Amino acid sequence: MSKILLHGAWVAAEKDDGAQVLIKDGYVGVTDDKISYVGKDKPAGYEEAEIIDRKYGLIMPGLVNIHYHTDSPLTKGFCEDCGSVNFYGSILYEYLTEIYAATTTEDWAAICKLSFMEFIKGGVTTSVEFNSYFPVEMVDLIGQSGVRGYIAPETNTLEKFPYSLDGKNLIIPHKTGDEMFKKLQRNVDIIEKYNGAYDDRVRITLGPTEPPACRPEMLREVRKLSETYKVPITIHAAETRLERDYIKDEYGRDSIMYLAENGIIGPDVIYAHTVYASEEEKKLMAETGTNVAHCPSVFFTRGAYMKSLQHYTNLGINVGIGTDTFPQDMIREMRLATNLSKVADQDFRSAKSDLVFRCATQNGAKALGRSDIGKLAVGAKADIAVVDMDEFNTIPVRDPIKVLISCGTAHNVSDTIVDGKLLMKDKKLIIMDEEKVKREAWSAANAVWGRAPRLNELSPFSLPMF
Ligand SMILES: [Zn+2]
């Protein structure tokens, strides 16, 4: 039996009725993979436990990142200030494909480790990798990193990737007949073989890419399979204007209506983004209990934002948070979520700190159908992060949740525990070798960038090289 006893200046605990509360000068006990004590008084029975005593620490549930792409660090310094003018400024169709086409499995694995390191260092304990190109390799990478991870294998009916471009329109060749279901079958094979691997730290979802990439026949099959295997479905939805144009031209309806007609809606579905959803579509999401992965930074850097987190919440939509792109810092993402909701609503009361904190913890867990993560409560999984609030960017602290969200960054996290195991203690990684991961990521990125022929044409340097 292994035990850890944490003591901190504040504990963000969950009461029996589900309300999140702060305990001042409190304790959290861990026994094996579960939380065995949360309270104000020092508990008995932890005399032999490993002690994590943080005088200025905020002990909180590990953050739940419900939408990211492992390879996103490869696009750092490439996608900023850029976009395809013929595609409403989107980077999806030319920029990302330039990088993907130049990436080998080895490069990707190196970047994947960097992503997991970023999560552990930033207090993220659960992650949902969307549309994984290397889902089988990913199983072991998650397993060995120590984090809790969901994998959504890339599943669509595309004849080839990248999509064909004529400079103005998306031209999407789809497979036909039995061929249409090949990637879905691969998704099913991976569910059968790996769902629940590494003591159930690794789980597999169904991962249809996005509406234009998925023919209705395949989507209807995805719905049936989710019932058979009882796994969540994640999909990009109402993500770009181009997506909406394409679905309207092809099927005569809006993209979320298209998904709903083909069964991809409901409490076991996470829509990523929905930035371009109509009010009618938002109401449908609320009525059906469909979850949303809100990823503020990837949109706000392109001049767009979801309208709004507070509005979605008022409608009754369960919204979790994802990092989607770089940096994979959930604390920064919480800050953007509150700020952009205030901007969208022109109201300082919009998306207050308690709501945003809930989105990054409880709501993310709910979106995944989990009642055992995203909270500090006896019996829950021991997925815990400790934030050191005694840093120049956080002191002085009156309300640690407000300060975390308004001023904190991933660098403030001092300790991360997943499934009862310490992955970082006092800002030092325990399982991963930080220097090795960094060196390998540098060399993989340089190799990928060297292989991408249009890199400098698509994304000129901000200052010319002298
Ligand atoms: Zn995405």
# chains A, B, ... in the order shown; residues from 1 in each chain; ligands from 1
$ residues_near_ligand --ligand "ligand 1" --cutoff "8 Å" --atoms "only C-alpha atoms and all ligand atoms" --output "PDB file with N, CA and C atoms, in the first residue's frame"
ATOM      1  N   HIS A  67      -9.227  18.492 -25.253  1.00  0.00           N
ATOM      2  CA  HIS A  67      -8.971  18.537 -26.697  1.00  0.00           C
ATOM      3  C   HIS A  67      -7.584  19.102 -26.977  1.00  0.00           C
ATOM      4  N   TYR A  68      -6.709  18.258 -27.498  1.00  0.00           N
ATOM      5  CA  TYR A  68      -5.400  18.759 -27.916  1.00  0.00           C
ATOM      6  C   TYR A  68      -4.885  17.865 -29.034  1.00  0.00           C
ATOM      7  N   HIS A  69      -3.848  18.355 -29.704  1.00  0.00           N
ATOM      8  CA  HIS A  69      -3.180  17.582 -30.753  1.00  0.00           C
ATOM      9  C   HIS A  69      -1.703  17.499 -30.386  1.00  0.00           C
ATOM     10  N   PHE A 130      -6.789  14.368 -29.859  1.00  0.00           N
ATOM     11  CA  PHE A 130      -7.800  14.268 -30.894  1.00  0.00           C
ATOM     12  C   PHE A 130      -7.202  13.911 -32.243  1.00  0.00           C
ATOM     13  N   ASN A 131      -7.888  12.968 -32.894  1.00  0.00           N
ATOM     14  CA  ASN A 131      -7.540  12.598 -34.269  1.00  0.00           C
ATOM     15  C   ASN A 131      -6.099  12.150 -34.422  1.00  0.00           C
ATOM     16  N   HIS A 236     -14.561  17.520 -34.327  1.00  0.00           N
ATOM     17  CA  HIS A 236     -14.566  18.974 -34.539  1.00  0.00           C
ATOM     18  C   HIS A 236     -15.934  19.345 -35.106  1.00  0.00           C
ATOM     19  N   ALA A 272     -15.676  19.703 -30.555  1.00  0.00           N
ATOM     20  CA  ALA A 272     -14.600  20.673 -30.344  1.00  0.00           C
ATOM     21  C   ALA A 272     -14.954  21.971 -31.042  1.00  0.00           C
ATOM     22  N   HIS A 273     -14.915  23.042 -30.277  1.00  0.00           N
ATOM     23  CA  HIS A 273     -14.975  24.429 -30.763  1.00  0.00           C
ATOM     24  C   HIS A 273     -16.375  25.034 -30.888  1.00  0.00           C
ATOM     25  N   ASP A 324      -5.829  22.536 -27.475  1.00  0.00           N
ATOM     26  CA  ASP A 324      -5.810  22.425 -28.934  1.00  0.00           C
ATOM     27  C   ASP A 324      -4.433  22.684 -29.530  1.00  0.00           C
ATOM     28  N   THR A 325      -3.911  23.892 -29.309  1.00  0.00           N
ATOM     29  CA  THR A 325      -2.645  24.254 -29.942  1.00  0.00           C
ATOM     30  C   THR A 325      -1.607  24.568 -28.865  1.00  0.00           C
TER      31      THR A 325
END
$ residues_around --residues "segment 261-263 of chain A" --least-positions-apart "4" --cutoff "12 Å" --atoms "only C-alpha atoms" --output "number ranges by chain"
A: 211, 214-227, 233, 251, 253-257, 267-269, 284, 288, 290
$ closest_residue --among "A:Leu340, A:Phe87, A:Lys366, A:Ile401" --to "Arg244 of chain A" --atoms "only C-alpha atoms"
A:Phe87
$ select_by_dssp --residues "segment 258-293 of chain A" --states "helix (DSSP H, G or I)" --output "ChimeraX atom specification"
/A:258-261,279-288
$ write_last_selection --atoms "C-alpha atoms" --output "PDB file, in the first residue's frame"
ATOM      1  CA  TYR A 258     -25.840  17.422 -40.291  1.00  0.00           C
ATOM      2  CA  LEU A 259     -24.124  15.690 -37.362  1.00  0.00           C
ATOM      3  CA  ALA A 260     -27.388  15.455 -35.404  1.00  0.00           C
ATOM      4  CA  GLU A 261     -29.219  13.858 -38.344  1.00  0.00           C
ATOM      5  CA  GLU A 279     -28.299  29.891 -31.924  1.00  0.00           C
ATOM      6  CA  GLU A 280     -30.527  27.073 -33.181  1.00  0.00           C
ATOM      7  CA  GLU A 281     -27.582  24.682 -33.064  1.00  0.00           C
ATOM      8  CA  LYS A 282     -26.611  25.830 -29.558  1.00  0.00           C
ATOM      9  CA  LYS A 283     -30.157  25.124 -28.354  1.00  0.00           C
ATOM     10  CA  LEU A 284     -29.956  21.650 -29.874  1.00  0.00           C
ATOM     11  CA  MET A 285     -26.659  21.001 -28.105  1.00  0.00           C
ATOM     12  CA  ALA A 286     -28.255  22.028 -24.800  1.00  0.00           C
ATOM     13  CA  GLU A 287     -31.390  19.904 -25.325  1.00  0.00           C
ATOM     14  CA  THR A 288     -29.361  16.805 -26.191  1.00  0.00           C
TER      15      THR A 288
END
$ atom_distance --atom1 "atom CA of Ile35 of chain A" --atom2 "atom CA of Lys375 of chain A"
9.7 Å
$ closest_residue --among "A:Leu368, A:Leu63, A:Ser278, A:Ala44" --to "Ile204 of chain A" --atoms "only C-alpha atoms"
A:Leu368
